[in-house]
>>> print(open('entry_10.cif').read())   # mmCIF, C-alpha atoms
data_run
loop_
_atom_site.label_atom_id
_atom_site.label_comp_id
_atom_site.auth_asym_id
_atom_site.auth_seq_id
_atom_site.Cartn_x
_atom_site.Cartn_y
_atom_site.Cartn_z
CA MET C 1 53.90 110.90 141.02
CA HIS C 2 55.48 114.05 139.69
CA ILE C 3 57.08 117.10 141.24
CA HIS C 4 54.62 119.79 142.31
CA ILE C 5 57.11 122.58 142.83
CA PRO C 6 56.06 126.10 141.89
CA ASP C 7 58.17 128.23 139.57
CA GLY C 8 60.97 130.06 141.30
CA VAL C 9 61.51 127.62 144.18
CA LEU C 10 64.28 125.53 142.65
CA PRO C 11 67.56 127.29 141.77
CA PRO C 12 67.89 128.11 138.03
CA TRP C 13 71.01 125.92 137.61
CA LEU C 14 68.94 122.91 138.65
CA TRP C 15 65.93 123.38 136.38
CA LEU C 16 68.14 124.51 133.49
CA THR C 17 70.12 121.27 133.91
CA GLY C 18 66.76 119.46 133.85
CA TYR C 19 65.89 121.09 130.53
CA PHE C 20 69.33 120.34 129.11
CA LEU C 21 69.14 116.66 130.07
CA ALA C 22 65.53 116.43 128.82
CA GLY C 23 66.64 117.88 125.46
CA LEU C 24 69.48 115.39 125.25
CA PHE C 25 67.30 112.38 126.10
CA LEU C 26 64.61 113.63 123.71
CA ALA C 27 67.13 113.68 120.84
CA ILE C 28 68.17 110.10 121.67
CA ALA C 29 64.56 108.90 122.05
CA LEU C 30 63.46 110.50 118.75
CA LYS C 31 66.46 108.97 116.95
CA ARG C 32 65.55 105.51 118.29
CA ILE C 33 61.91 105.96 117.27
CA LYS C 34 62.93 107.08 113.77
CA GLN C 35 65.36 104.18 113.33
CA SER C 36 62.84 101.48 114.18
CA PRO C 37 59.91 101.16 111.73
CA GLU C 38 57.97 99.15 114.34
CA SER C 39 58.44 101.93 116.85
CA SER C 40 57.31 104.73 114.54
CA LYS C 41 54.04 102.84 113.97
CA ARG C 42 53.27 103.38 117.64
CA ILE C 43 52.22 107.03 117.20
CA PRO C 44 48.45 106.30 117.61
CA ARG C 45 49.06 104.13 120.66
CA ALA C 46 51.39 106.72 122.22
CA GLY C 47 48.94 109.55 121.42
CA LEU C 48 46.07 107.64 122.93
CA LEU C 49 48.07 106.79 126.04
CA LEU C 50 49.07 110.44 126.36
CA ALA C 51 45.37 111.40 126.30
CA PHE C 52 44.63 108.58 128.77
CA THR C 53 47.38 109.75 131.13
CA LEU C 54 46.30 113.37 130.84
CA LEU C 55 42.79 112.28 131.76
CA ALA C 56 44.11 110.23 134.70
CA THR C 57 45.99 113.25 136.01
CA SER C 58 42.82 115.33 135.86
CA LEU C 59 40.83 112.85 137.96
CA PRO C 60 40.99 114.07 141.54
CA LEU C 61 41.48 111.13 143.91
CA GLY C 62 40.93 113.29 146.96
CA PHE C 63 43.62 114.19 149.48
CA PHE C 64 45.27 116.54 146.87
CA SER C 65 46.44 113.63 144.77
CA HIS C 66 45.92 112.26 141.27
CA LEU C 67 47.12 109.35 139.14
CA ASN C 68 50.06 109.57 136.73
CA LEU C 69 50.27 106.05 135.29
CA MET C 70 53.82 106.45 133.98
CA VAL C 71 54.78 102.90 134.96
CA PHE C 72 51.72 101.71 133.05
CA ASN C 73 52.80 103.82 130.07
CA GLY C 74 56.30 102.41 130.24
CA ILE C 75 55.02 98.81 130.22
CA LEU C 76 52.84 99.48 127.16
CA LEU C 77 55.17 101.76 125.19
CA GLY C 78 58.76 100.94 126.10
CA GLY C 79 61.60 103.30 126.98
CA ALA C 80 61.88 105.66 123.99
CA TRP C 81 58.18 106.40 123.56
CA SER C 82 57.60 106.73 127.30
CA PHE C 83 60.16 109.58 127.33
CA VAL C 84 58.32 111.44 124.57
CA VAL C 85 55.00 110.84 126.34
CA SER C 86 56.48 112.01 129.64
CA LEU C 87 57.73 115.26 128.08
CA SER C 88 54.45 115.92 126.26
CA LEU C 89 52.44 115.12 129.39
CA ASN C 90 54.41 117.51 131.57
CA PHE C 91 54.13 120.23 128.97
CA LEU C 92 50.36 119.71 128.75
CA LEU C 93 49.96 119.62 132.52
CA ALA C 94 51.87 122.88 132.90
CA PHE C 95 49.69 124.38 130.17
CA PHE C 96 46.38 123.11 131.54
CA GLY C 97 46.61 124.39 135.08
CA HIS C 98 49.33 122.61 137.07
CA GLY C 99 51.74 125.44 136.26
CA ALA C 100 55.48 125.16 136.95
CA ILE C 101 56.72 125.42 133.38
CA THR C 102 60.32 125.73 134.61
CA ILE C 103 60.10 122.25 136.18
CA VAL C 104 58.95 120.50 132.98
CA GLY C 105 62.48 119.24 132.18
CA LEU C 106 63.08 117.81 135.65
CA ASN C 107 59.58 116.38 135.87
CA THR C 108 60.03 114.69 132.50
CA ILE C 109 63.19 112.97 133.71
CA PHE C 110 61.54 111.97 137.02
CA LEU C 111 58.52 110.44 135.32
CA TRP C 112 60.64 108.73 132.71
CA LEU C 113 62.89 107.17 135.35
CA GLN C 114 59.74 105.87 137.07
CA ALA C 115 58.63 104.36 133.77
CA LEU C 116 62.06 102.82 133.07
CA LEU C 117 62.39 101.29 136.52
CA GLY C 118 58.79 100.14 136.29
CA ILE C 119 59.43 98.37 132.96
CA LEU C 120 62.52 96.64 134.35
CA LEU C 121 60.87 95.51 137.58
CA PHE C 122 57.72 94.40 135.76
CA ARG C 123 59.78 92.18 133.45
CA VAL C 124 61.73 90.67 136.36
CA PHE C 125 58.68 90.05 138.57
CA SER C 126 56.58 88.75 135.66
CA LYS C 127 59.14 85.99 135.15
CA LEU C 128 59.43 85.28 138.86
CA LEU C 129 55.81 85.50 139.99
CA LYS C 130 53.81 84.76 136.81
CA ASN C 131 51.14 87.08 138.18
CA PRO C 132 50.48 90.29 136.18
CA PHE C 133 48.65 92.04 139.02
CA LEU C 134 51.35 91.44 141.64
CA SER C 135 54.20 92.08 139.20
CA SER C 136 52.85 95.45 138.10
CA PHE C 137 51.77 96.40 141.64
CA ILE C 138 55.27 95.76 143.03
CA ALA C 139 56.93 97.43 140.02
CA CYS C 140 54.80 100.55 140.39
CA PHE C 141 55.04 100.72 144.19
CA THR C 142 58.84 100.33 144.23
CA SER C 143 59.38 102.71 141.36
CA LEU C 144 57.21 105.47 142.87
CA SER C 145 58.69 105.04 146.35
CA LEU C 146 62.24 105.39 145.02
CA SER C 147 61.11 108.39 143.02
CA PHE C 148 59.73 110.05 146.18
CA VAL C 149 62.98 109.41 148.08
CA SER C 150 65.03 110.89 145.23
CA LEU C 151 62.68 113.90 145.08
CA LEU C 152 63.25 114.53 148.80
CA ALA C 153 67.02 114.21 148.32
CA LEU C 154 66.88 116.69 145.44
CA LEU C 155 64.91 119.20 147.51
CA PHE C 156 67.09 118.83 150.60
CA VAL C 157 70.26 119.69 148.68
CA SER C 158 68.81 122.54 146.60
CA VAL C 159 66.07 124.41 148.52
CA GLU C 160 66.17 126.39 151.75
CA PHE C 161 63.23 125.20 153.90
CA ALA C 162 62.24 123.28 157.04
CA GLU C 163 62.60 119.64 155.93
CA SER C 164 60.55 118.17 158.80
CA VAL C 165 57.52 120.39 158.03
CA PHE C 166 57.70 119.49 154.35
CA VAL C 167 57.97 115.74 155.00
CA ALA C 168 55.11 115.88 157.55
CA LEU C 169 52.87 117.64 155.01
CA SER C 170 53.78 115.62 151.93
CA LEU C 171 54.28 112.06 153.26
CA PRO C 172 50.58 111.22 153.89
CA VAL C 173 49.65 112.48 150.39
CA PHE C 174 52.48 110.44 148.89
CA ILE C 175 51.50 107.18 150.67
CA PHE C 176 47.87 107.57 149.61
CA GLU C 177 48.79 108.36 145.99
CA VAL C 178 51.30 105.53 145.62
CA LEU C 179 48.92 102.94 147.02
CA ILE C 180 46.05 103.99 144.74
CA GLU C 181 48.28 104.30 141.68
CA SER C 182 49.89 100.88 142.28
CA LEU C 183 46.47 99.27 142.70
CA VAL C 184 45.07 100.91 139.54
CA THR C 185 48.19 99.95 137.54
CA GLY C 186 47.98 96.40 138.86
CA PHE C 187 44.29 96.02 138.04
CA ILE C 188 44.55 97.52 134.52
CA ILE C 189 47.59 95.39 133.63
CA ASN C 190 45.77 92.35 134.98
CA PHE C 191 42.71 93.23 132.87
CA LEU C 192 44.84 93.74 129.72
CA SER C 193 46.76 90.50 130.30
CA LYS C 194 43.45 88.63 130.13
CA THR C 195 41.72 90.55 127.34
CA LYS C 196 44.54 91.81 125.08
CA PRO C 197 47.84 90.22 126.15
CA ASP C 198 49.64 91.27 122.93
CA LEU C 199 49.65 94.86 124.28
CA LEU C 200 52.01 93.78 127.04
CA SER C 201 54.46 91.88 124.89
CA MET N 202 37.58 117.27 134.63
CA SER N 203 35.57 120.01 132.94
CA GLU N 204 38.42 122.47 133.39
CA ILE N 205 40.25 121.41 130.21
CA TYR N 206 36.95 121.70 128.30
CA LEU N 207 36.55 125.25 129.58
CA ILE N 208 40.16 126.24 128.90
CA ASP N 209 39.70 125.01 125.33
CA TYR N 210 36.41 126.93 125.08
CA TYR N 211 37.83 130.24 126.34
CA ALA N 212 40.88 129.95 124.08
CA ASN N 213 38.82 129.21 120.96
CA SER N 214 35.63 131.22 121.45
CA PHE N 215 36.73 134.51 123.02
CA LYS N 216 37.87 137.31 120.75
CA SER N 217 39.66 139.83 122.95
CA TYR N 218 42.66 141.92 121.86
CA PHE N 219 45.06 139.32 123.30
CA HIS N 220 43.21 136.40 121.70
CA GLN N 221 43.98 137.95 118.33
CA THR N 222 47.67 138.46 119.06
CA ASN N 223 50.17 136.25 117.24
CA VAL N 224 50.99 133.00 119.05
CA LEU N 225 54.75 133.55 118.75
CA ALA N 226 54.43 137.09 120.18
CA LYS N 227 52.50 135.64 123.12
CA LEU N 228 55.18 133.01 123.69
CA ILE N 229 57.91 135.70 123.66
CA PHE N 230 55.85 137.80 126.10
CA PHE N 231 55.36 134.73 128.28
CA ALA N 232 59.11 134.00 128.32
CA LEU N 233 59.97 137.61 129.22
CA VAL N 234 57.52 137.78 132.11
CA LEU N 235 58.45 134.30 133.36
CA PHE N 236 62.11 135.34 133.30
CA SER N 237 61.19 138.37 135.45
CA ILE N 238 59.27 136.19 137.92
CA VAL N 239 62.01 133.61 138.32
CA PHE N 240 64.95 136.01 138.53
CA THR N 241 63.38 138.67 140.75
CA SER N 242 64.02 138.36 144.46
CA SER N 243 62.11 141.45 145.60
CA VAL N 244 58.61 140.91 146.97
CA PRO N 245 57.35 144.37 145.82
CA ALA N 246 58.62 143.58 142.29
CA LEU N 247 56.77 140.27 142.35
CA VAL N 248 53.60 142.03 143.56
CA PHE N 249 54.01 144.48 140.66
CA ILE N 250 54.31 141.64 138.10
CA PHE N 251 51.31 139.89 139.66
CA ALA N 252 49.24 143.09 139.35
CA ALA N 253 50.32 143.46 135.70
CA VAL N 254 49.32 139.87 134.87
CA LEU N 255 46.01 140.34 136.69
CA LEU N 256 45.31 143.45 134.59
CA LEU N 257 46.06 141.49 131.41
CA LEU N 258 43.59 138.79 132.44
CA PHE N 259 41.02 141.50 133.18
CA PHE N 260 41.49 143.16 129.77
CA SER N 261 41.27 139.77 128.06
CA ARG N 262 37.78 139.53 129.61
CA LEU N 263 38.68 136.18 131.14
CA PRO N 264 36.89 134.89 134.27
CA ILE N 265 39.34 135.81 137.03
CA LEU N 266 37.41 134.05 139.80
CA LYS N 267 37.33 130.84 137.76
CA ILE N 268 41.07 131.14 137.18
CA LEU N 269 41.58 131.61 140.92
CA GLU N 270 39.52 128.47 141.54
CA TRP N 271 41.63 126.48 139.03
CA SER N 272 44.79 127.86 140.59
CA LEU N 273 43.94 126.49 144.03
CA TYR N 274 45.33 123.03 143.28
CA PRO N 275 48.87 124.13 142.25
CA LEU N 276 48.72 126.86 144.92
CA LEU N 277 48.16 124.25 147.63
CA PHE N 278 51.52 122.72 146.74
CA ALA N 279 53.09 126.17 146.77
CA LEU N 280 51.66 126.68 150.27
CA VAL N 281 53.45 123.52 151.45
CA PHE N 282 56.71 125.29 150.55
CA VAL N 283 55.51 128.60 151.98
CA PHE N 284 54.74 126.95 155.34
CA SER N 285 58.08 125.12 155.31
CA GLN N 286 59.93 128.40 154.63
CA ILE N 287 58.01 130.78 156.89
CA GLN N 288 60.03 129.74 159.98
CA GLU N 289 63.30 130.40 158.13
CA SER N 290 62.39 133.74 156.57
CA GLY N 291 59.13 135.58 156.00
CA GLU N 292 60.53 137.28 152.90
CA LEU N 293 61.53 133.97 151.32
CA ALA N 294 58.02 132.62 151.96
CA GLY N 295 56.55 135.80 150.39
CA GLN N 296 58.77 135.37 147.33
CA THR N 297 57.68 131.73 146.93
CA PHE N 298 53.99 132.64 147.25
CA PHE N 299 54.05 135.52 144.75
CA ARG N 300 56.30 133.68 142.30
CA ALA N 301 53.93 130.70 142.35
CA ILE N 302 50.65 132.59 141.98
CA THR N 303 52.02 134.96 139.30
CA ALA N 304 53.50 132.13 137.24
CA ILE N 305 50.23 130.17 137.47
CA PHE N 306 48.15 133.19 136.39
CA LEU N 307 50.61 133.91 133.57
CA MET N 308 50.29 130.31 132.35
CA PHE N 309 46.50 130.66 132.42
CA PHE N 310 46.78 133.90 130.43
CA LEU N 311 48.65 131.99 127.72
CA ALA N 312 46.40 128.91 127.85
CA LEU N 313 43.13 130.86 127.84
CA THR N 314 44.06 133.20 124.99
CA THR N 315 45.79 130.68 122.70
CA PRO N 316 44.07 127.66 121.10
CA PHE N 317 46.19 124.66 121.98
CA PRO N 318 46.53 123.32 118.37
CA LEU N 319 48.37 126.56 117.50
CA ILE N 320 50.99 125.78 120.12
CA PHE N 321 51.45 122.15 119.14
CA SER N 322 51.69 123.04 115.48
CA LEU N 323 54.55 125.38 116.45
CA LEU N 324 56.10 122.41 118.26
CA GLY N 325 55.94 120.61 114.92
CA LYS N 326 58.73 122.87 113.75
CA VAL N 327 60.89 121.34 116.52
CA SER N 328 59.77 117.71 116.15
CA PRO N 329 57.04 116.27 113.89
CA VAL N 330 56.78 113.25 116.22
CA ILE N 331 55.79 115.45 119.18
CA SER N 332 53.27 117.48 117.18
CA SER N 333 51.69 114.26 115.78
CA LEU N 334 51.55 112.85 119.29
CA MET N 335 49.85 116.02 120.57
CA PHE N 336 47.45 115.94 117.61
CA PHE N 337 46.36 112.39 118.50
CA ALA N 338 46.19 113.15 122.21
CA TYR N 339 44.10 116.29 121.61
CA ARG N 340 41.72 114.34 119.37
CA TYR N 341 41.27 111.45 121.79
CA PHE N 342 41.27 113.31 125.10
CA PHE N 343 37.70 114.61 124.77
CA LEU N 344 36.49 111.28 123.37
CA PHE N 345 38.05 109.49 126.35
CA LEU N 346 36.54 111.97 128.78
CA ASN N 347 33.01 111.58 127.37
CA THR N 348 33.18 107.78 127.24
CA ILE N 349 34.53 107.47 130.78
CA GLU N 350 32.06 109.97 132.25
CA LYS N 351 29.15 108.04 130.74
CA ARG N 352 30.49 104.68 131.91
CA VAL N 353 31.20 105.92 135.43
CA LYS N 354 27.56 107.03 135.65
CA ILE N 355 26.37 103.64 134.44
CA MET N 356 28.69 101.90 136.91
CA GLY N 357 27.20 104.02 139.70
CA LEU N 358 23.66 103.02 138.66
CA ARG N 359 24.69 99.38 138.80
CA GLY N 360 25.63 99.81 142.45
CA ASN N 361 29.40 100.34 142.27
CA ASN N 362 29.18 103.14 144.84
CA ARG N 363 27.94 100.68 147.46
CA THR N 364 30.92 98.32 147.22
CA GLY N 365 34.17 98.43 149.19
CA VAL N 366 37.10 100.67 148.26
CA ILE N 367 39.28 97.95 146.70
CA LYS N 368 36.36 96.60 144.66
CA LYS N 369 35.59 100.14 143.48
CA ILE N 370 39.21 100.65 142.36
CA LYS N 371 39.16 97.26 140.63
CA ASN N 372 35.92 98.06 138.77
CA PHE N 373 37.15 101.51 137.79
CA SER N 374 40.47 100.09 136.53
CA GLY N 375 38.59 97.51 134.47
CA LEU N 376 36.52 100.32 132.98
CA LEU N 377 39.69 102.26 132.11
CA GLY N 378 41.23 99.15 130.53
CA GLN N 379 38.11 98.39 128.50
CA THR N 380 37.85 101.99 127.23
CA LEU N 381 41.54 101.99 126.39
CA ILE N 382 41.24 98.84 124.26
CA GLU N 383 38.21 100.17 122.38
CA LEU N 384 39.81 103.54 121.63
CA LEU N 385 43.12 101.94 120.75
CA GLU N 386 41.43 99.98 117.99
CA LYS N 387 39.71 103.16 116.78
CA SER N 388 42.93 105.18 116.84
CA GLU N 389 44.84 102.53 114.89
CA LYS N 390 42.10 102.47 112.23
CA PHE N 391 42.13 106.28 112.12
CA TYR N 392 45.92 106.28 111.69
CA LYS N 393 45.67 103.83 108.79
CA ILE N 394 43.05 106.05 107.14
CA LEU N 395 45.32 109.07 107.59
CA GLN N 396 48.24 107.15 106.07
CA ALA N 397 46.10 106.06 103.13
CA ARG N 398 45.33 109.75 102.55
CA GLY N 399 49.03 110.60 102.52
CA PHE N 400 49.78 111.44 106.15
CA GLN N 401 53.52 111.03 106.71
CA GLY N 402 53.74 111.86 110.39
CA LYS N 403 53.83 115.66 110.02
CA VAL N 404 51.11 118.05 111.16
CA PHE N 405 51.21 121.17 109.01
CA SER N 406 49.92 124.54 110.13
CA ASP N 407 49.23 127.84 108.43
CA ILE N 408 50.46 129.97 111.30
CA ASN N 409 51.37 133.43 110.14
CA LEU N 410 54.59 134.51 111.78
CA ASP N 411 54.50 138.09 110.44
CA PHE N 412 54.06 140.45 113.37
CA LYS N 413 51.51 143.25 113.38
CA ASN N 414 51.46 146.33 115.63
CA ARG N 415 49.53 144.54 118.37
CA ASP N 416 52.16 141.78 118.48
CA TRP N 417 55.02 144.27 118.86
CA LEU N 418 52.99 146.04 121.54
CA LEU N 419 52.67 142.83 123.55
CA ILE N 420 56.40 142.13 123.29
CA GLY N 421 57.06 145.76 124.32
CA LEU N 422 54.79 145.24 127.33
CA GLY N 423 56.81 142.15 128.28
CA ILE N 424 60.06 144.14 128.06
CA ALA N 425 58.50 146.95 130.13
CA ILE N 426 57.41 144.51 132.86
CA MET N 427 60.86 142.95 132.89
CA THR N 428 62.71 146.28 133.08
CA THR N 429 60.41 147.74 135.73
CA SER N 430 60.71 144.64 137.92
CA ARG N 431 64.53 144.80 137.61
CA GLY N 432 64.25 148.43 138.79
CA PHE N 433 62.76 147.25 142.12
CA ASN N 434 65.96 145.28 142.82
#
>>> encode(input="entry_10.cif", output="structure tokens")
Amino acid sequence: MHIHIPDGVLPPWLWLTGYFLAGLFLAIALKRIKQSPESSKRIPRAGLLLAFTLLATSLPLGFFSHLNLMVFNGILLGGAWSFVVSLSLNFLLAFFGHGAITIVGLNTIFLWLQALLGILLFRVFSKLLKNPFLSSFIACFTSLSLSFVSLLALLFVSVEFAESVFVALSLPVFIFEVLIESLVTGFIINFLSKTKPDLLS
Amino acid sequence: MSEIYLIDYYANSFKSYFHQTNVLAKLIFFALVLFSIVFTSSVPALVFIFAAVLLLLFFSRLPILKILEWSLYPLLFALVFVFSQIQESGELAGQTFFRAITAIFLMFFLALTTPFPLIFSLLGKVSPVISSLMFFAYRYFFLFLNTIEKRVKIMGLRGNNRTGVIKKIKNFSGLLGQTLIELLEKSEKFYKILQARGFQGKVFSDINLDFKNRDWLLIGLGIAIMTTSRGFN
């Protein structure tokens, strides 16, 4: 789930802060990738997952929603690479029709936080439940739900609009999207854990 | 799904005046007009910028109706904000609507007149990791799309459309996982081949950054749009 806010809705201080933070995190992520030889070998995997995620976002699920698979990306790529993928994905999405180039910085941070929380929860639940499907489903569902709550909080403090109308219009789409995305993440992780478990390690 | 195919096609195959303009000049123009959209609070000024962008799309001989169709998805989200704001202030709702539609059309102007590899090779000057990542993603996106489209058709022929929703999602996820594994092996082999040929993680480009008259004209147009829209305020 990422922020679908058109250009000009959020105040400039907010999206400029988003860009500043995204730049800062990008510098840290690139430094970590450069420092680790194992990590820099992941370019083909990260590129492929970026293409995969871009494709997932172009598949209409109906009900104005689409997949994002950032938790899935996080599990397969780790923290540093998932930031770079998140930034590239948002840039590509803005370029290929979703618009909102000013929100790319904020969206990058939102998606990355989903991925980070997803990685953490997946690790915890994998140890507790020993079930890849359930672990990734819960990780994805929790991560996306928290992301939606933080998005609402961000909008309520920064934009002038009728909150109740917005929640009434966006909540059904959100519930539908989160359920489908959590199921897809759960099923793919389950499939990979059986066929290529080294990808998850 | 075919929309990215078409965007790529229009950007690479059309040869209008704006297609031949320098990529950096187009990015500067884009930034100037976007700045005008975001920092203008007058609805007539926003209507003026929208009309200017529409004219540019027209002169680039791009399919305006198709662009309108592609814009519907991001516009729907803009309408959520418009409806939430209309009770508070009609002018605010008008600003949101025209900002959204103009910015979307402007983005399409850039995307449909500029081949994407030109933009990611410019990004290579910022970070070689990002440009390499984009290079791989660009290469594999269309391969992924073809493979998945074919397999979804096959899955349909095998009766997947007649199963329950959860089973359908499970089958589709399995298909995504299987395709991912196959292409992952291919991409790793491809990367090793590139390395053996001397690839060191940098995508080089031969972009000419010397501006010609047409490039200066486009930048001048951007400045004119910005100044005129400020005049409305």
>>> resolve_selection(input="entry_10.cif", expression="the PyMOL selection byres ((chain N) within 8 of (chain C))", output="count of residues only")
54
>>> resolve_selection(input="entry_10.cif", expression="the PyMOL selection byres ((chain N and resi 352-360) around 10)", output="list in words")
Leu346, Asn347, Thr348, Ile349, Glu350, Lys351, Asn361, Asn362, Arg363, Thr364, Lys369, Asn372, Phe373, Leu376, Leu377 and Thr380 of chain N
>>> atom_distance(input="entry_10.cif", atom1="atom CA of C:Leu121", atom2="atom CA of C:Ala139")
5.0 Å
>>> resolve_selection(input="entry_10.cif", expression="the PyMOL selection byres ((chain N and resi 299) around 8)", output="PyMOL selection string")
chain N and resi 244+247-248+251+295-298+300-303
>>> axis_aligned_box(input="entry_10.cif", around="stretch 58-77 of chain C", padding_each_side="5 Å", output="lines of an AutoDock Vina configuration file")
center_x = 48.6
center_y = 107.7
center_z = 137.3
size_x = 25.5
size_y = 27.7
size_z = 34.3
>>> atom_distance(input="entry_10.cif", atom1="atom CA of C:Lys130", atom2="atom CA of C:Phe174")
28.4 Å
>>> atom_distance(input="entry_10.cif", atom1="atom CA of N:Ile367", atom2="atom CA of C:Ser126")
22.5 Å
>>> residues_around(input="entry_10.cif", residues="stretch 411-428 of chain N", least_positions_apart="6", cutoff="7 Å", atoms="all atoms listed in the file", output="PyMOL selection string")
chain N and resi 222-223+226+229-230+233-234+237+250
>>> write_last_selection(input="entry_10.cif", atoms="C-alpha atoms", output="compact mmCIF listing (two decimals), keeping the file's coordinate frame")
# COMPACT_ATOMS: atom_id res chain seq x y z
CA THR N 222 47.67 138.46 119.06
CA ASN N 223 50.17 136.25 117.24
CA ALA N 226 54.43 137.09 120.18
CA ILE N 229 57.91 135.70 123.66
CA PHE N 230 55.85 137.80 126.10
CA LEU N 233 59.97 137.61 129.22
CA VAL N 234 57.52 137.78 132.11
CA SER N 237 61.19 138.37 135.45
CA ILE N 250 54.31 141.64 138.10
